[in-house]
>>> print(open('input-v6.txt').read())   # compact mmCIF, C-alpha atoms
# COMPACT_ATOMS: atom_id res chain seq x y z
CA MET A 800 271.54 -45.01 102.01
CA ILE A 801 268.21 -46.37 103.18
CA PRO A 802 266.97 -49.94 102.74
CA SER A 803 263.79 -50.72 100.84
CA PRO A 804 260.71 -50.96 103.05
CA PHE A 805 260.15 -54.26 104.83
CA GLU A 806 257.94 -55.77 107.47
CA TYR A 807 259.75 -56.26 110.78
CA VAL A 808 259.05 -59.26 113.00
CA LYS A 809 260.75 -59.61 116.37
CA VAL A 810 260.82 -63.21 117.60
CA ARG A 811 261.54 -64.52 121.08
CA SER A 812 262.28 -68.19 120.36
CA VAL A 813 263.68 -70.47 117.67
CA ASP A 814 260.17 -71.91 117.18
CA GLU A 815 258.77 -68.43 116.56
CA ALA A 816 261.58 -67.74 114.09
CA LEU A 817 260.89 -71.00 112.21
CA ALA A 818 257.15 -70.26 112.13
CA ALA A 819 257.84 -66.82 110.68
CA LEU A 820 260.22 -68.30 108.09
CA ALA A 821 257.58 -70.89 107.11
CA GLU A 822 254.95 -68.16 106.78
CA HIS A 823 256.98 -65.72 104.72
CA GLY A 824 259.13 -68.10 102.67
CA GLU A 825 262.04 -66.90 100.57
CA ASP A 826 261.06 -63.24 100.86
CA ALA A 827 262.10 -63.30 104.50
CA LYS A 828 265.59 -62.95 105.94
CA LEU A 829 266.78 -63.56 109.47
CA LEU A 830 268.41 -60.55 111.13
CA ALA A 831 271.02 -61.30 113.79
CA GLY A 832 273.83 -58.73 114.22
CA GLY A 833 272.94 -57.24 110.85
CA HIS A 834 276.49 -56.21 109.94
CA SER A 835 276.49 -58.14 106.69
CA LEU A 836 272.78 -58.01 105.90
CA LEU A 837 272.01 -54.33 106.57
CA PRO A 838 274.89 -52.99 104.43
CA ILE A 839 273.74 -54.99 101.40
CA MET A 840 270.14 -53.94 102.08
CA LYS A 841 271.26 -50.30 102.17
CA LEU A 842 272.92 -50.84 98.78
CA ARG A 843 269.68 -52.54 97.65
CA LEU A 844 271.65 -55.63 96.67
CA ALA A 845 269.23 -57.48 98.95
CA ILE A 846 265.56 -56.51 99.15
CA PRO A 847 263.84 -58.86 101.60
CA THR A 848 260.23 -57.92 102.27
CA VAL A 849 260.25 -59.37 105.79
CA LEU A 850 263.03 -59.16 108.38
CA ILE A 851 262.80 -61.63 111.25
CA ASP A 852 264.90 -60.25 114.11
CA ILE A 853 266.43 -63.17 116.03
CA GLY A 854 268.83 -60.92 117.97
CA GLY A 855 266.65 -61.05 121.08
CA ILE A 856 266.16 -64.81 121.34
CA PRO A 857 267.36 -65.83 124.82
CA GLY A 858 269.55 -68.91 125.25
CA LEU A 859 271.32 -68.79 121.87
CA SER A 860 274.58 -67.38 123.27
CA TYR A 861 276.78 -69.96 124.98
CA VAL A 862 280.06 -71.84 124.76
CA ARG A 863 280.18 -75.23 126.47
CA VAL A 864 282.10 -78.46 126.40
CA ASP A 865 280.02 -81.41 125.19
CA GLY A 866 282.04 -84.63 125.17
CA GLU A 867 284.92 -84.29 122.72
CA GLN A 868 283.37 -81.21 121.15
CA VAL A 869 282.76 -77.60 122.02
CA ALA A 870 279.20 -76.41 121.31
CA ILE A 871 278.70 -72.72 120.57
CA GLY A 872 275.31 -71.05 120.32
CA ALA A 873 274.59 -69.37 116.98
CA GLY A 874 273.67 -66.13 118.74
CA THR A 875 277.09 -65.80 120.39
CA ARG A 876 278.47 -62.41 119.46
CA HIS A 877 282.09 -62.10 118.34
CA TYR A 878 283.18 -60.03 121.36
CA VAL A 879 281.72 -62.67 123.70
CA LEU A 880 283.46 -65.54 121.89
CA GLU A 881 286.71 -63.53 121.85
CA ARG A 882 286.72 -63.36 125.67
CA ASP A 883 285.14 -66.69 126.53
CA GLU A 884 287.35 -68.71 128.89
CA VAL A 885 286.02 -72.13 127.81
CA ALA A 886 286.69 -71.28 124.17
CA ARG A 887 290.16 -69.91 124.95
CA THR A 888 291.08 -73.14 126.71
CA GLU A 889 289.35 -75.72 124.54
CA VAL A 890 289.53 -74.29 121.04
CA PRO A 891 291.82 -71.21 121.15
CA LEU A 892 291.88 -70.65 117.38
CA LEU A 893 288.23 -69.60 117.43
CA PRO A 894 288.32 -66.80 120.04
CA HIS A 895 291.53 -65.50 118.45
CA VAL A 896 289.86 -65.26 115.05
CA ALA A 897 286.70 -63.77 116.60
CA GLY A 898 288.95 -60.95 117.79
CA ARG A 899 290.22 -60.37 114.26
CA VAL A 900 286.75 -59.77 112.77
CA GLY A 901 286.14 -56.14 111.80
CA ASP A 902 286.56 -53.72 114.70
CA PRO A 903 285.18 -53.57 118.27
CA GLN A 904 281.88 -52.01 117.19
CA VAL A 905 281.36 -54.74 114.59
CA ARG A 906 282.29 -57.45 117.10
CA HIS A 907 279.73 -56.05 119.53
CA ARG A 908 276.98 -56.84 117.00
CA GLY A 909 278.08 -59.72 114.77
CA THR A 910 277.15 -63.30 115.69
CA LEU A 911 278.77 -66.63 114.89
CA GLY A 912 275.56 -68.02 113.38
CA GLY A 913 275.17 -64.92 111.25
CA THR A 914 278.61 -65.09 109.69
CA VAL A 915 278.21 -68.84 109.11
CA ALA A 916 274.82 -68.44 107.41
CA HIS A 917 275.97 -65.48 105.29
CA SER A 918 278.67 -67.55 103.51
CA ASP A 919 280.93 -64.72 102.45
CA PRO A 920 284.13 -66.32 101.06
CA ALA A 921 286.17 -63.61 102.79
CA SER A 922 284.88 -64.19 106.32
CA ASP A 923 287.28 -64.90 109.15
CA LEU A 924 285.26 -67.22 111.37
CA PRO A 925 284.04 -69.66 108.69
CA THR A 926 287.69 -70.03 107.65
CA ALA A 927 288.61 -71.00 111.21
CA LEU A 928 285.61 -73.33 111.51
CA LEU A 929 286.51 -75.06 108.24
CA ALA A 930 290.05 -75.68 109.48
CA LEU A 931 288.73 -77.00 112.79
CA GLY A 932 286.19 -79.35 111.23
CA GLY A 933 282.95 -80.07 113.05
CA THR A 934 279.36 -79.40 112.16
CA VAL A 935 276.75 -76.72 111.66
CA VAL A 936 273.57 -77.54 113.57
CA LEU A 937 270.43 -76.45 111.72
CA GLN A 938 266.87 -76.39 112.94
CA GLY A 939 263.91 -76.46 110.59
CA PRO A 940 260.34 -77.70 110.24
CA GLN A 941 261.62 -81.30 110.24
CA GLY A 942 263.66 -80.82 113.39
CA ARG A 943 267.40 -80.58 113.90
CA ARG A 944 270.15 -81.83 111.60
CA GLU A 945 273.90 -81.51 111.52
CA VAL A 946 275.86 -80.66 108.38
CA PRO A 947 279.66 -81.11 108.33
CA VAL A 948 281.42 -77.78 107.80
CA THR A 949 283.11 -79.33 104.74
CA GLU A 950 279.67 -79.58 103.09
CA PHE A 951 278.00 -76.46 104.45
CA TRP A 952 279.40 -73.62 102.34
CA THR A 953 278.49 -74.41 98.75
CA GLY A 954 279.19 -71.16 96.89
CA PHE A 955 279.19 -67.37 96.91
CA PHE A 956 276.63 -66.52 99.62
CA GLU A 957 275.21 -70.04 99.25
CA THR A 958 274.95 -72.81 101.82
CA ALA A 959 273.46 -76.27 102.28
CA MET A 960 270.72 -74.70 104.40
CA SER A 961 267.12 -74.55 103.14
CA PRO A 962 265.21 -71.25 103.34
CA GLU A 963 263.07 -72.66 106.15
CA GLU A 964 266.02 -73.55 108.38
CA MET A 965 268.20 -71.53 110.71
CA VAL A 966 271.63 -72.07 112.22
CA VAL A 967 271.26 -72.76 115.94
CA GLU A 968 274.67 -74.10 116.98
CA LEU A 969 278.24 -74.76 115.86
CA ARG A 970 280.10 -77.84 117.06
CA VAL A 971 283.89 -78.06 116.79
CA PRO A 972 286.43 -80.57 118.12
CA ARG A 973 288.26 -79.65 121.32
CA THR A 974 291.81 -78.88 120.22
CA GLY A 975 293.19 -77.88 123.64
CA SER A 976 296.95 -77.49 123.44
CA ILE A 977 297.26 -78.50 119.76
CA GLY A 978 299.06 -75.73 117.88
CA TRP A 979 297.18 -73.38 115.57
CA GLY A 980 297.79 -70.37 113.37
CA TYR A 981 295.71 -67.68 111.68
CA GLU A 982 297.26 -65.33 109.16
CA LYS A 983 295.18 -62.59 107.61
CA PHE A 984 296.29 -60.08 105.00
CA THR A 985 294.41 -56.78 104.88
CA ARG A 986 295.03 -53.22 103.76
CA ARG A 987 293.49 -51.78 106.93
CA GLU A 988 293.27 -53.50 110.28
CA ASN A 989 289.46 -53.71 110.30
CA ASP A 990 289.03 -54.91 106.70
CA TRP A 991 287.91 -58.24 105.35
CA PRO A 992 290.87 -60.47 104.49
CA ILE A 993 292.26 -60.13 100.97
CA VAL A 994 293.40 -63.67 101.73
CA ALA A 995 293.58 -65.51 105.06
CA ALA A 996 294.81 -68.94 106.13
CA ALA A 997 293.85 -70.91 109.22
CA ALA A 998 295.88 -73.97 110.27
CA VAL A 999 295.24 -76.45 113.06
CA ASP A 1000 296.05 -80.13 113.53
CA GLY A 1001 297.25 -80.71 109.97
CA ARG A 1002 294.27 -78.98 108.38
CA VAL A 1003 294.38 -75.69 106.46
CA ALA A 1004 291.50 -73.47 105.33
CA LEU A 1005 291.65 -70.38 103.11
CA ALA A 1006 289.51 -67.26 102.91
CA ASN A 1007 288.80 -65.47 99.64
CA MET A 1008 290.47 -68.01 97.33
CA ALA A 1009 287.21 -69.25 95.74
CA GLY A 1010 283.46 -68.61 95.82
CA MET A 1011 283.43 -69.87 99.39
CA VAL A 1012 285.94 -70.68 102.11
CA VAL A 1013 287.94 -73.74 101.03
CA ARG A 1014 290.38 -76.27 102.43
CA ALA A 1015 293.92 -76.39 101.03
CA THR A 1016 293.64 -80.11 100.35
CA ALA A 1017 296.91 -80.48 98.39
CA THR A 1018 298.78 -78.94 101.33
CA GLU A 1019 297.00 -81.20 103.81
CA GLU A 1020 297.80 -84.31 101.74
CA ALA A 1021 301.45 -83.30 101.46
CA LEU A 1022 301.68 -82.80 105.22
CA ALA A 1023 300.09 -86.20 105.76
CA ARG A 1024 302.77 -87.72 103.50
CA GLY A 1025 305.43 -86.13 105.68
CA ALA A 1026 306.37 -83.19 103.48
CA SER A 1027 307.97 -80.17 105.14
CA ILE A 1028 305.89 -77.09 105.91
CA ALA A 1029 307.68 -75.14 103.18
CA GLU A 1030 307.00 -77.86 100.57
CA ALA A 1031 303.37 -78.34 101.61
CA ALA A 1032 302.64 -74.61 101.70
CA GLU A 1033 303.80 -74.26 98.09
CA LEU A 1034 300.73 -76.30 97.11
CA ALA A 1035 298.21 -74.20 99.05
CA ASP A 1036 296.64 -72.51 96.02
CA GLN A 1037 296.14 -75.76 94.07
CA GLY A 1038 292.51 -76.29 93.19
CA THR A 1039 291.50 -72.75 94.20
CA SER A 1040 289.90 -70.18 91.90
CA PRO A 1041 290.66 -66.75 93.33
CA GLY A 1042 289.02 -63.68 91.84
CA ALA A 1043 290.57 -60.33 91.01
CA ASP A 1044 289.54 -56.94 92.33
CA MET A 1045 291.01 -53.53 93.16
CA HIS A 1046 292.97 -55.04 96.06
CA ALA A 1047 294.69 -57.96 94.37
CA ASP A 1048 294.79 -59.91 91.13
CA ALA A 1049 294.45 -63.69 91.08
CA ASP A 1050 298.20 -64.40 90.89
CA TYR A 1051 298.88 -62.18 93.87
CA ARG A 1052 296.13 -63.98 95.83
CA ARG A 1053 297.75 -67.31 94.97
CA HIS A 1054 301.06 -65.97 96.24
CA LEU A 1055 299.37 -64.81 99.45
CA ALA A 1056 297.70 -68.19 99.93
CA ARG A 1057 301.07 -69.97 99.78
CA LEU A 1058 302.81 -67.43 101.99
CA LEU A 1059 300.07 -67.18 104.63
CA THR A 1060 299.65 -70.97 104.70
CA ARG A 1061 303.36 -71.36 105.42
CA ARG A 1062 303.22 -68.77 108.20
CA ALA A 1063 300.07 -70.28 109.71
CA LEU A 1064 301.57 -73.79 109.65
CA GLU A 1065 304.80 -72.51 111.21
CA LYS A 1066 302.82 -70.85 113.98
CA ALA A 1067 300.82 -74.03 114.52
CA ALA A 1068 304.07 -75.99 114.74
CA GLY A 1069 305.46 -73.52 117.26
CA ALA A 1070 308.27 -72.65 114.88
CA MET B 1374 255.81 -49.57 114.38
CA GLN B 1375 256.29 -48.23 117.89
CA VAL B 1376 259.66 -48.29 119.64
CA SER B 1377 260.43 -47.41 123.21
CA ILE B 1378 264.08 -46.49 123.67
CA THR B 1379 265.90 -44.87 126.57
CA VAL B 1380 268.04 -42.19 124.98
CA ASN B 1381 270.57 -40.49 127.26
CA GLY B 1382 268.64 -41.59 130.33
CA ARG B 1383 265.21 -40.53 129.15
CA GLN B 1384 262.72 -43.05 127.90
CA ARG B 1385 260.82 -42.04 124.80
CA THR B 1386 258.29 -43.74 122.58
CA ASP B 1387 258.20 -43.05 118.87
CA GLU B 1388 256.41 -44.26 115.78
CA VAL B 1389 259.09 -45.34 113.28
CA GLU B 1390 259.40 -47.14 109.99
CA PRO B 1391 261.00 -50.58 110.45
CA ARG B 1392 263.76 -49.57 108.04
CA LEU B 1393 264.75 -46.49 110.07
CA LEU B 1394 268.42 -46.72 111.01
CA LEU B 1395 269.44 -45.85 114.56
CA ALA B 1396 271.65 -43.00 113.27
CA HIS B 1397 268.67 -41.39 111.51
CA TYR B 1398 266.43 -42.04 114.52
CA LEU B 1399 268.87 -40.19 116.77
CA ARG B 1400 269.44 -37.29 114.36
CA ASP B 1401 266.01 -36.81 112.81
CA THR B 1402 263.53 -38.22 115.33
CA CYS B 1403 265.34 -37.26 118.55
CA GLY B 1404 267.07 -34.16 117.18
CA LEU B 1405 270.42 -35.31 118.57
CA THR B 1406 272.77 -34.26 115.80
CA ALA B 1407 276.13 -34.85 117.51
CA THR B 1408 276.06 -38.35 116.02
CA ASN B 1409 277.50 -37.79 112.56
CA ILE B 1410 277.03 -40.00 109.53
CA GLY B 1411 280.31 -40.24 107.65
CA CYS B 1412 280.79 -43.20 105.35
CA ASP B 1413 277.31 -44.69 105.92
CA SER B 1414 278.88 -48.12 105.40
CA THR B 1415 280.18 -49.30 108.81
CA SER B 1416 283.74 -48.21 108.09
CA CYS B 1417 284.43 -44.79 109.57
CA GLY B 1418 282.90 -44.95 113.05
CA ALA B 1419 281.64 -41.34 113.07
CA CYS B 1420 278.17 -42.60 114.02
CA THR B 1421 279.39 -44.63 117.02
CA VAL B 1422 277.05 -44.57 120.04
CA LEU B 1423 276.65 -46.87 123.01
CA VAL B 1424 273.76 -49.34 122.98
CA ASP B 1425 273.29 -51.07 126.33
CA GLY B 1426 276.82 -49.96 127.19
CA LEU B 1427 278.53 -51.32 124.06
CA SER B 1428 279.91 -49.19 121.23
CA VAL B 1429 278.09 -49.75 117.94
CA LYS B 1430 277.96 -48.05 114.55
CA SER B 1431 274.47 -46.62 114.46
CA CYS B 1432 274.37 -46.47 110.64
CA THR B 1433 274.20 -50.27 110.66
CA VAL B 1434 271.66 -50.87 113.42
CA LEU B 1435 267.89 -50.59 113.07
CA ALA B 1436 266.05 -48.37 115.54
CA ALA B 1437 263.59 -51.28 115.68
CA SER B 1438 266.29 -53.65 116.98
CA THR B 1439 267.07 -51.16 119.75
CA ASP B 1440 263.49 -51.24 121.07
CA GLY B 1441 263.63 -51.61 124.85
CA GLY B 1442 267.32 -50.69 124.97
CA GLN B 1443 269.48 -47.88 126.31
CA VAL B 1444 271.31 -45.56 123.94
CA THR B 1445 273.95 -43.03 124.93
CA THR B 1446 275.11 -40.35 122.52
CA LEU B 1447 277.67 -37.58 122.94
CA GLU B 1448 274.86 -35.31 124.20
CA GLY B 1449 274.41 -37.66 127.16
CA LEU B 1450 277.92 -37.24 128.51
CA ALA B 1451 278.23 -33.80 130.11
CA GLY B 1452 277.01 -33.31 133.68
CA PRO B 1453 273.92 -31.30 134.69
CA ASP B 1454 276.00 -28.15 135.10
CA GLY B 1455 277.64 -28.60 131.72
CA GLU B 1456 280.77 -30.13 133.20
CA LEU B 1457 282.50 -32.16 130.53
CA HIS B 1458 282.78 -35.93 130.80
CA PRO B 1459 286.41 -36.92 131.57
CA MET B 1460 286.81 -38.22 128.02
CA GLN B 1461 285.54 -34.97 126.52
CA ALA B 1462 287.81 -32.97 128.84
CA ALA B 1463 290.81 -35.10 127.87
CA PHE B 1464 290.11 -34.68 124.13
CA ARG B 1465 290.03 -30.91 124.68
CA ALA B 1466 293.12 -30.78 126.90
CA GLU B 1467 295.19 -33.03 124.64
CA HIS B 1468 294.00 -31.49 121.35
CA GLY B 1469 292.47 -34.81 120.30
CA LEU B 1470 290.52 -33.17 117.47
CA GLN B 1471 290.90 -30.72 114.64
CA CYS B 1472 287.84 -30.46 112.37
CA GLY B 1473 285.74 -32.36 114.90
CA PHE B 1474 283.66 -34.46 112.53
CA CYS B 1475 284.93 -37.81 113.81
CA THR B 1476 285.00 -36.61 117.42
CA PRO B 1477 281.55 -37.64 118.70
CA GLY B 1478 282.09 -41.19 117.44
CA MET B 1479 285.70 -41.20 118.56
CA VAL B 1480 284.76 -40.11 122.11
CA MET B 1481 282.00 -42.74 122.37
CA ALA B 1482 284.29 -45.48 121.03
CA ALA B 1483 287.03 -44.35 123.43
CA ILE B 1484 284.65 -44.64 126.39
CA GLY B 1485 283.90 -48.16 125.16
CA VAL B 1486 287.64 -48.92 125.05
CA LEU B 1487 288.11 -47.85 128.68
CA ALA B 1488 284.96 -49.67 129.79
CA ASP B 1489 286.60 -52.84 128.49
CA ASN B 1490 290.16 -52.03 129.58
CA PRO B 1491 290.56 -49.22 132.17
CA ASP B 1492 294.29 -48.74 131.64
CA PRO B 1493 295.22 -49.52 128.03
CA THR B 1494 298.65 -49.13 126.43
CA ASP B 1495 299.07 -46.92 123.36
CA ARG B 1496 298.79 -50.01 121.18
CA GLU B 1497 295.64 -51.19 122.93
CA VAL B 1498 294.07 -47.75 122.44
CA ARG B 1499 294.93 -47.85 118.73
CA GLU B 1500 293.51 -51.35 118.38
CA GLY B 1501 290.42 -50.35 120.34
CA LEU B 1502 289.84 -47.40 118.00
CA GLU B 1503 290.57 -49.32 114.79
CA GLY B 1504 286.96 -48.83 113.72
CA ASN B 1505 287.15 -45.02 113.84
CA LEU B 1506 288.78 -42.93 111.12
CA CYS B 1507 290.19 -39.44 111.65
CA ARG B 1508 291.50 -37.53 108.64
CA CYS B 1509 293.05 -34.63 110.60
CA THR B 1510 294.97 -35.53 113.71
CA GLY B 1511 297.11 -38.46 112.64
CA TYR B 1512 295.71 -40.13 115.79
CA HIS B 1513 298.65 -39.26 118.07
CA ASN B 1514 296.72 -36.74 120.15
CA ILE B 1515 293.65 -38.97 120.23
CA VAL B 1516 295.70 -41.79 121.75
CA ARG B 1517 297.22 -39.29 124.19
CA ALA B 1518 293.73 -38.07 125.14
CA VAL B 1519 292.39 -41.57 125.81
CA ARG B 1520 295.41 -42.42 127.95
CA ALA B 1521 295.07 -39.14 129.85
CA ALA B 1522 291.39 -39.88 130.42
CA ALA B 1523 292.29 -43.31 131.76
CA GLN B 1524 294.71 -41.70 134.22
CA ALA B 1525 291.96 -39.31 135.37
CA GLY B 1526 290.02 -42.22 136.92
CA PRO B 1527 287.42 -44.89 136.26
CA ALA B 1528 284.69 -42.36 135.35
CA ALA B 1529 286.32 -41.98 131.92
CA GLY B 1530 285.07 -45.45 130.98
CA GLN B 1531 281.55 -44.88 132.29
CA VAL B 1532 278.52 -42.93 131.17
CA PRO B 1533 276.38 -40.85 133.54
CA GLN B 1534 273.49 -42.60 135.19
CA ALA B 1535 270.04 -41.77 133.87
CA GLN B 1536 269.03 -39.35 136.60
CA GLU B 1537 272.16 -37.25 136.13
CA VAL B 1538 271.64 -36.66 132.44
CA VAL B 1539 270.36 -33.33 131.21
CA GLN B 1540 269.37 -32.87 127.58
>>> encode(input="input-v6.txt", output="C-alpha cells")
Amino acid sequence: MIPSPFEYVKVRSVDEALAALAEHGEDAKLLAGGHSLLPIMKLRLAIPTVLIDIGGIPGLSYVRVDGEQVAIGAGTRHYVLERDEVARTEVPLLPHVAGRVGDPQVRHRGTLGGTVAHSDPASDLPTALLALGGTVVLQGPQGRREVPVTEFWTGFFETAMSPEEMVVELRVPRTGSIGWGYEKFTRRENDWPIVAAAAVDGRVALANMAGMVVRATATEEALARGASIAEAAELADQGTSPGADMHADADYRRHLARLLTRRALEKAAGA
Amino acid sequence: MQVSITVNGRQRTDEVEPRLLLAHYLRDTCGLTATNIGCDSTSCGACTVLVDGLSVKSCTVLAASTDGGQVTTLEGLAGPDGELHPMQAAFRAEHGLQCGFCTPGMVMAAIGVLADNPDPTDREVREGLEGNLCRCTGYHNIVRAVRAAAQAGPAAGQVPQAQEVVQ
C-alpha cells in the first residue's frame, strides 16, 4: 500500500511549522511519529497534499514540573515518557499508559502531541489525560492558548483545534502518591483497546465508548456522593454511545466499561 | 527530493519520492531485501529495522523522515569475515526460526530488546517482542534464542560500528 503523492516539508521550529500550515491550509497535515497518519494515508482514507514533518523540531521533547502541574512537550515520544523519572514520580499514570501503547517499535515513533491531535476514541494516552484533567496547549497564528482536556476532544478524529494550530504541550496536575489505575481490554497485547478505563483521584475516563474519549460522569458523581466502588462502577456506561464491530457489540462494550472501571478504581484505591 | 541516509554504516544519497516508505527504500532503492514486508500495516514487525539505534517498523516510516539518520538492517549485522552477529548465531543455535520470513524483523527487534535491557526474563523478552508475529515457532525457541544471546555478552544488544560493516 502506497500513499497518494504529496509535497514534503521538513520544518525545524514551531514557527516554521505554523508558517507552513498557514501557507497550505487544510490540505496540509502535520507528521510527527506518523503511526496513525501514515497507515490511513496508505489506505487512502486520508489524502493530504502537503505533509509538514515536525519530527525533527528540537526542544519539543521534555517532561518538567511547573508549579502544581507537570508540563510535557508535544514531541515527547511514548518510549521516552514511559521511562521518564519526573513523570514516574509526579504523574505515574501517564508513563504507565505510555508503556501500554502499541508495541516497542510503535512507542519508539509515536508522540504525545500526535496521539492527542489525532483524537482516536480508542487511544490510550488521551484516556489517561482525560482522567488526569489539565490542558492542551496550542500554538497558532494568534499565539498560544490552553484548552481544558474536557473540551479538547469533540468527536471522531475531531478536536477543538483549528487547522492553523498545533499542539505544543500537555499540562497535567501533579498526582504524586495519589492512587491510579488503568485497565485495558485487548485481543492481542499490542492492539488498540476494545475498551479501556483510567481512574485517578475520583475521576474516570473511558476509551472507545463513544466518538471520542469520555469521562464516566455518573460514576464520578456517585463516588463524590460516597457510593462504594462497586455501586459507582455499575454506572460507568451511562451516557456513553459505544459502537459495534467485529471485536465487540455495544452491550459487551458496556459490560467492559463497568468491569474495567471497577478494576481501575480498585487499583486506584489500593484494594 | 534528495535524502542522505547512512545504511549499514555507509552513507548514500538518493533521489526519492516523498511518499517512499523506508521499507521500499531499503528493498528497492538499496537492494537490501532481508527486510520483509508482511502485513504492511504496522502489525507484524517483519519489516523491523533500527533507525538511530531504535527498532521501528519500516513500512510505517517515510524514507524522507529518515534523512540524515542511521539505518541498520539484517545485512548490516554479520562481521567482515561473515561471522554471524551474536543474535543471529543464537537464533541458529536455538532453532529460533522455521520458515524464516519473520526472522530479519525478529532479530532486529530482539537486538533492540537487549539494547534496552541486557538481561531480560522470558516475560520481558515476550513483552519486548510483542510487535513481531511468528506463525511457525510458537515463540518458545525465539525467547530461548534471545536469552541465550543475552548470556553470550553485551555485543548481542549492539550493532557493528560503521567501519566494521561489509555489504
>>> interface_residues(input="input-v6.txt", of="chain A", to="chain B", cutoff="8 Å", atoms="all atoms listed in the file", output="number ranges by chain")
A: 800-807, 833-834, 837-838, 852, 854, 901-905, 907-908, 988-989
>>> residues_around(input="input-v6.txt", residues="A:Glu1065", least_positions_apart="2", cutoff="12 Å", atoms="all atoms listed in the file", output="PyMOL selection string")
chain A and resi 978-982+996-1001+1003+1027-1029+1031-1032+1058-1063+1067-1070
>>> atom_distance(input="input-v6.txt", atom1="atom CA of B:Leu1487", atom2="atom CA of B:Leu1399")
23.9 Å
>>> residues_around(input="input-v6.txt", residues="stretch 1454-1463 of chain B", least_positions_apart="3", cutoff="7 Å", atoms="only C-alpha atoms", output="number ranges by chain")
B: 1450-1451, 1466-1467, 1480, 1484, 1518-1519, 1521-1522, 1528-1529
>>> atom_distance(input="input-v6.txt", atom1="atom CA of A:Thr888", atom2="atom CA of A:Ala1021")
29.1 Å
>>> atom_distance(input="input-v6.txt", atom1="atom CA of A:Asp1036", atom2="atom CA of A:Leu892")
22.0 Å
>>> residues_near_point(input="input-v6.txt", point="(287.3, -87.8, 123.3)", cutoff="9 Å", atoms="all atoms listed in the file", output="number ranges by chain")
A: 866-868, 972-973
>>> residues_around(input="input-v6.txt", residues="B:Gln1384", least_positions_apart="4", cutoff="10 Å", atoms="all atoms listed in the file", output="PyMOL selection string")
chain B and resi 1377-1380+1441-1444+1535
>>> residues_around(input="input-v6.txt", residues="A:Ala845", least_positions_apart="5", cutoff="8 Å", atoms="only C-alpha atoms", output="mmCIF file with C-alpha atoms, keeping the file's coordinate frame")
data_model
loop_
_atom_site.group_PDB
_atom_site.id
_atom_site.type_symbol
_atom_site.label_atom_id
_atom_site.label_comp_id
_atom_site.auth_asym_id
_atom_site.auth_seq_id
_atom_site.Cartn_x
_atom_site.Cartn_y
_atom_site.Cartn_z
ATOM 1 C CA LEU A 836 272.780 -58.010 105.900
ATOM 2 C CA ILE A 839 273.740 -54.990 101.400
ATOM 3 C CA MET A 840 270.140 -53.940 102.080
#
>>> closest_residue(input="input-v6.txt", among="A:Glu889, A:Ala1049, A:Leu937, A:Glu945", to="A:Ser976", atoms="all atoms listed in the file")
A:Glu889
>>> residues_around(input="input-v6.txt", residues="B:Arg1400", least_positions_apart="2", cutoff="12 Å", atoms="all atoms listed in the file", output="PyMOL selection string")
chain B and resi 1380+1393-1398+1402-1410+1420+1422+1431-1432+1436+1446-1448
>>> axis_aligned_box(input="input-v6.txt", around="stretch 1387-1406 of chain B", padding_each_side="8 Å", output="lines of an AutoDock Vina configuration file")
center_x = 264.6
center_y = -42.4
center_z = 113.5
size_x = 32.4
size_y = 32.4
size_z = 26.8
>>> closest_residue(input="input-v6.txt", among="A:Ser922, A:Gln941, A:Ile977, A:Leu928", to="A:Met1008", atoms="only C-alpha atoms")
A:Ser922
>>> build_atoms(input="input-v6.txt", residues="stretch 1462-1471 of chain B", atoms="N, CA, C and O atoms", output="mmCIF file, in the coordinates of the input")
data_model
loop_
_atom_site.group_PDB
_atom_site.id
_atom_site.type_symbol
_atom_site.label_atom_id
_atom_site.label_comp_id
_atom_site.auth_asym_id
_atom_site.auth_seq_id
_atom_site.Cartn_x
_atom_site.Cartn_y
_atom_site.Cartn_z
ATOM 1 N N ALA B 1462 286.814 -33.897 128.304
ATOM 2 C CA ALA B 1462 287.810 -32.970 128.840
ATOM 3 C C ALA B 1462 289.208 -33.350 128.353
ATOM 4 O O ALA B 1462 290.013 -32.481 127.995
ATOM 5 N N ALA B 1463 289.482 -34.662 128.303
ATOM 6 C CA ALA B 1463 290.810 -35.100 127.870
ATOM 7 C C ALA B 1463 291.024 -34.805 126.389
ATOM 8 O O ALA B 1463 292.103 -34.401 125.972
ATOM 9 N N PHE B 1464 289.983 -35.007 125.561
ATOM 10 C CA PHE B 1464 290.110 -34.680 124.130
ATOM 11 C C PHE B 1464 290.414 -33.195 123.965
ATOM 12 O O PHE B 1464 291.202 -32.806 123.110
ATOM 13 N N ARG B 1465 289.778 -32.347 124.797
ATOM 14 C CA ARG B 1465 290.030 -30.910 124.680
ATOM 15 C C ARG B 1465 291.443 -30.587 125.164
ATOM 16 O O ARG B 1465 292.197 -29.887 124.484
ATOM 17 N N ALA B 1466 291.816 -31.122 126.328
ATOM 18 C CA ALA B 1466 293.120 -30.780 126.900
ATOM 19 C C ALA B 1466 294.275 -31.270 126.032
ATOM 20 O O ALA B 1466 295.298 -30.598 125.914
ATOM 21 N N GLU B 1467 294.087 -32.431 125.408
ATOM 22 C CA GLU B 1467 295.190 -33.030 124.640
ATOM 23 C C GLU B 1467 295.086 -32.721 123.141
ATOM 24 O O GLU B 1467 295.815 -33.313 122.351
ATOM 25 N N HIS B 1468 294.189 -31.846 122.764
ATOM 26 C CA HIS B 1468 294.000 -31.490 121.350
ATOM 27 C C HIS B 1468 293.718 -32.736 120.513
ATOM 28 O O HIS B 1468 294.331 -32.939 119.458
ATOM 29 N N GLY B 1469 292.783 -33.566 120.983
ATOM 30 C CA GLY B 1469 292.470 -34.810 120.300
ATOM 31 C C GLY B 1469 291.517 -34.617 119.127
ATOM 32 O O GLY B 1469 290.859 -35.579 118.711
ATOM 33 N N LEU B 1470 291.382 -33.401 118.634
ATOM 34 C CA LEU B 1470 290.520 -33.170 117.470
ATOM 35 C C LEU B 1470 290.992 -31.949 116.713
ATOM 36 O O LEU B 1470 291.647 -31.078 117.269
ATOM 37 N N GLN B 1471 290.659 -31.935 115.424
ATOM 38 C CA GLN B 1471 290.900 -30.720 114.640
ATOM 39 C C GLN B 1471 289.572 -30.263 114.032
ATOM 40 O O GLN B 1471 288.905 -29.401 114.563
#
